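Here is the structure we will look at, set down as structure tokens.
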Amino acid sequence: MYDWLIVGAGFAGSTLAERLASVRNERVLLIDRRPHIGGNAYDRYNDDGLLIHQYGPHIFHTNSQQIFDYLSRFTEWNFYEHRVLAQVDGMLVPIPINLDTINRLYDLTLTSDDLEKWFAARAEPVEEIRTSEDAVVSKVGRELYEKFFRGYTRKQWGLDPSELDKSVTSRVPTRTNQDDRYFGDEFQFMPKHGYTRMFERMVDHPNIHVMTQTDYRDIRDIVPHRRVIFTGPIDEFFDFRFGKLPYRSLGFKHITLDKAWYQPVGVVNFPQTEAYTRITEYKHLTGQEHPKTALTYEYPSAEGDPYYPIPKPENQELFKRYERLALATPNVWFVGRLATYRYYNMDQIVGQALATFRRIGDAVPLPSDQMVVEVIRSKASLAS
């Protein structure tokens, strides 16, 4: 008999498993259909001993002292400020766009004050900013939109920026100074020994039983449990009753080169050329010293595992129908990116999980063991 069956061993599931087991002293079965814990943040050593991220680069950053302190219980950190270059017009320039980006691209010597005026002269007036195209052209104009955003967005999402919510491109700031960091958060670090080691420590508790390569549908009616925390796709939980929620997927090509370094920064984006969107070189991220280097080429796809909810109004309307079902489903909590159909950074998922744990503490008491046993027996009887 488990107090909780938690579906998905990524940030949301692992955080809640740890809190429920260590604070409430409750018994948790944590499952994942993949052969590992850690969700998309899972990292591993390849055959050459290089630490790589199986599902593309994951850079931890947050402004929350609470979230940083919580995760620090399970890992030491290496300081790391992420920098990204974009290959535009045959040269590598900083992204997000900053003062150096414009000066290099156009062979100018603008100051920060000059650049504000330069942007303003090119910005297009937009009465209401609704789409990702609106968000960019209203700030920096159409030429930079075409060079940096339109092609990349089309590859990443399979849609034109004019078809996507403004939130997609609004995530990328525009700067008038020389700050070339991709993120501006107060805490920017990488787990010293990798994400997987951090997750292993999170779920290393006698009250937590971990089962990988395990599908929720295969055990939900045969393993006794009181409540469920579901971090998978919400439409899948309800057997796609209203149809499938659209997601964008990714494919990855991992390679090792017999050379120390390949590119000057951890990630290089390709908004104008190539079928892939970016190349990641992990030694920049991990700080690992090694005579070889590991790269990942990232290819967006319409098919495959769900990664990114597609932010369009009609998709949100479909999600709201599933959300209403979720709110009416007793003893099941829906947490995380796939369960709430929103793009979250890693720290935001941890924050959502910690907030959910606090709400669980305010919920009604768990049913008695006998009541749950009878429910399980009834389900098993109906299934047979």
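Naming scheme: A, B, ... for chains in displayed order of the structure tokens; residues 1 onward per chain; ligands 1 onward as shown.
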Select from range 238-333 of chain A every residue with an atom at most 10 Å from any atom of range 183-195 of chain A, then for each give the shortest pair of atoms and their distance in Å to one decimal, using only C-alpha atoms, rows by chain and rising number, as CSV.
residue,atom,partner,partner_atom,distance
A:Leu285,CA,A:Met190,CA,7.3
A:Thr286,CA,A:Met190,CA,6.9
A:Gly287,CA,A:Lys192,CA,8.8
A:Gln288,CA,A:Lys192,CA,9.8
Exercise for the section: With a distance cut-off of 10 Å and only C-alpha atoms, select the neighbouring residues of Ser22 in chain A, excluding the residue or stretch itself and same-chain residues fewer than 2 positions from it, and output the selection as a PyMOL selection string. Expected result: chain A and resi 16-20+24-27+203+205-208
Selection from above, C-alpha atoms, as a PDB file, in the first residue's frame, can you write it?
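Below is the file that was written, selection.pdb:
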ATOM      1  CA  LEU A  16       7.134  15.909  -4.666  1.00  0.00           C
ATOM      2  CA  ALA A  17       8.351  12.384  -3.921  1.00  0.00           C
ATOM      3  CA  GLU A  18      11.162  13.749  -1.772  1.00  0.00           C
ATOM      4  CA  ARG A  19       8.908  16.180   0.112  1.00  0.00           C
ATOM      5  CA  LEU A  20       6.145  13.657   0.761  1.00  0.00           C
ATOM      6  CA  ARG A  24       5.169  13.748   5.762  1.00  0.00           C
ATOM      7  CA  ASN A  25       6.812  10.330   6.197  1.00  0.00           C
ATOM      8  CA  GLU A  26       4.507   8.891   3.532  1.00  0.00           C
ATOM      9  CA  ARG A  27       5.139   5.972   1.213  1.00  0.00           C
ATOM     10  CA  VAL A 203      14.840  10.057  -4.321  1.00  0.00           C
ATOM     11  CA  HIS A 205      14.837   7.666   0.808  1.00  0.00           C
ATOM     12  CA  PRO A 206      13.478   4.495   2.426  1.00  0.00           C
ATOM     13  CA  ASN A 207       9.916   5.721   1.829  1.00  0.00           C
ATOM     14  CA  ILE A 208      10.464   6.066  -1.941  1.00  0.00           C
TER      15      ILE A 208
END
Exercise for the section: Return the single residue from A:Val137, A:Leu115, A:Ile234, A:Ile310 that is closest to Ser167 in chain A, with distances computed using only C-alpha atoms. Expected result: A:Ile310
Kindly provide the residues of range 129-200 of chain A that approach range 235-255 of chain A to within 12 Å, each paired with its closest atom pair and their distance in Å to one decimal, based on only C-alpha atoms, listed by chain and increasing number, as CSV.
residue,atom,partner,partner_atom,distance
A:Thr153,CA,A:Arg248,CA,11.7
A:Arg154,CA,A:Arg248,CA,11.6
A:Lys155,CA,A:Arg248,CA,10.5
A:Gln156,CA,A:Arg248,CA,7.9
A:Trp157,CA,A:Arg248,CA,6.3
A:Gly158,CA,A:Arg248,CA,8.1
A:Leu159,CA,A:Arg248,CA,10.4
Based on the selection just made, write N, CA and C atoms of those residues as a PDB file, in the first residue's frame.
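Saved as selection.pdb:
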ATOM      1  N   THR A 153      12.313  30.277 -35.606  1.00  0.00           N
ATOM      2  CA  THR A 153      10.996  29.934 -35.076  1.00  0.00           C
ATOM      3  C   THR A 153      10.282  28.951 -35.986  1.00  0.00           C
ATOM      4  N   ARG A 154      10.390  29.148 -37.286  1.00  0.00           N
ATOM      5  CA  ARG A 154       9.758  28.214 -38.218  1.00  0.00           C
ATOM      6  C   ARG A 154      10.315  26.803 -38.070  1.00  0.00           C
ATOM      7  N   LYS A 155      11.639  26.700 -37.883  1.00  0.00           N
ATOM      8  CA  LYS A 155      12.234  25.376 -37.662  1.00  0.00           C
ATOM      9  C   LYS A 155      11.791  24.805 -36.320  1.00  0.00           C
ATOM     10  N   GLN A 156      11.859  25.630 -35.292  1.00  0.00           N
ATOM     11  CA  GLN A 156      11.581  25.141 -33.940  1.00  0.00           C
ATOM     12  C   GLN A 156      10.131  24.702 -33.777  1.00  0.00           C
ATOM     13  N   TRP A 157       9.216  25.462 -34.316  1.00  0.00           N
ATOM     14  CA  TRP A 157       7.792  25.223 -34.058  1.00  0.00           C
ATOM     15  C   TRP A 157       7.027  24.679 -35.252  1.00  0.00           C
ATOM     16  N   GLY A 158       7.617  24.741 -36.443  1.00  0.00           N
ATOM     17  CA  GLY A 158       6.874  24.331 -37.627  1.00  0.00           C
ATOM     18  C   GLY A 158       5.774  25.306 -37.986  1.00  0.00           C
ATOM     19  N   LEU A 159       5.864  26.512 -37.451  1.00  0.00           N
ATOM     20  CA  LEU A 159       4.867  27.551 -37.678  1.00  0.00           C
ATOM     21  C   LEU A 159       5.569  28.891 -37.848  1.00  0.00           C
TER      22      LEU A 159
END
Practice task
Rank nothing, just name the residue among A:Thr293, A:Thr280, A:Ser138, A:Asn63 nearest to Leu50 in chain A, using only C-alpha atoms.
Solution key: A:Thr293
Exercise for the section: Could you tell me, as a VMD selection string, which residues of range 219-309 of chain A DSSP assigns to alpha helix (DSSP H) when given the backbone? Expected result: chain A and resid 219 234 to 237 282 to 286
Selection file, C-alpha atoms, as a PDB file, in the first residue's frame:
ATOM      1  CA  ILE A 219      -0.018  -0.712 -12.803  1.00  0.00           C
ATOM      2  CA  ILE A 234      -2.948  15.592 -19.309  1.00  0.00           C
ATOM      3  CA  ASP A 235      -4.765  14.526 -22.500  1.00  0.00           C
ATOM      4  CA  GLU A 236      -3.210  11.064 -22.248  1.00  0.00           C
ATOM      5  CA  PHE A 237      -4.468  10.673 -18.675  1.00  0.00           C
ATOM      6  CA  TYR A 282      28.822  20.145 -23.289  1.00  0.00           C
ATOM      7  CA  LYS A 283      32.291  20.788 -21.885  1.00  0.00           C
ATOM      8  CA  HIS A 284      31.454  24.501 -21.798  1.00  0.00           C
ATOM      9  CA  LEU A 285      28.477  23.663 -19.560  1.00  0.00           C
ATOM     10  CA  THR A 286      29.959  20.962 -17.355  1.00  0.00           C
TER      11      THR A 286
END
Practice task
Tell me which of A:Arg181, A:Arg44, A:Arg359, A:Arg130 sits closest to His82 in chain A, counting only C-alpha atoms.
Solution key: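 The shortest atom-to-atom distance to His82 in chain A comes from A:Arg181.
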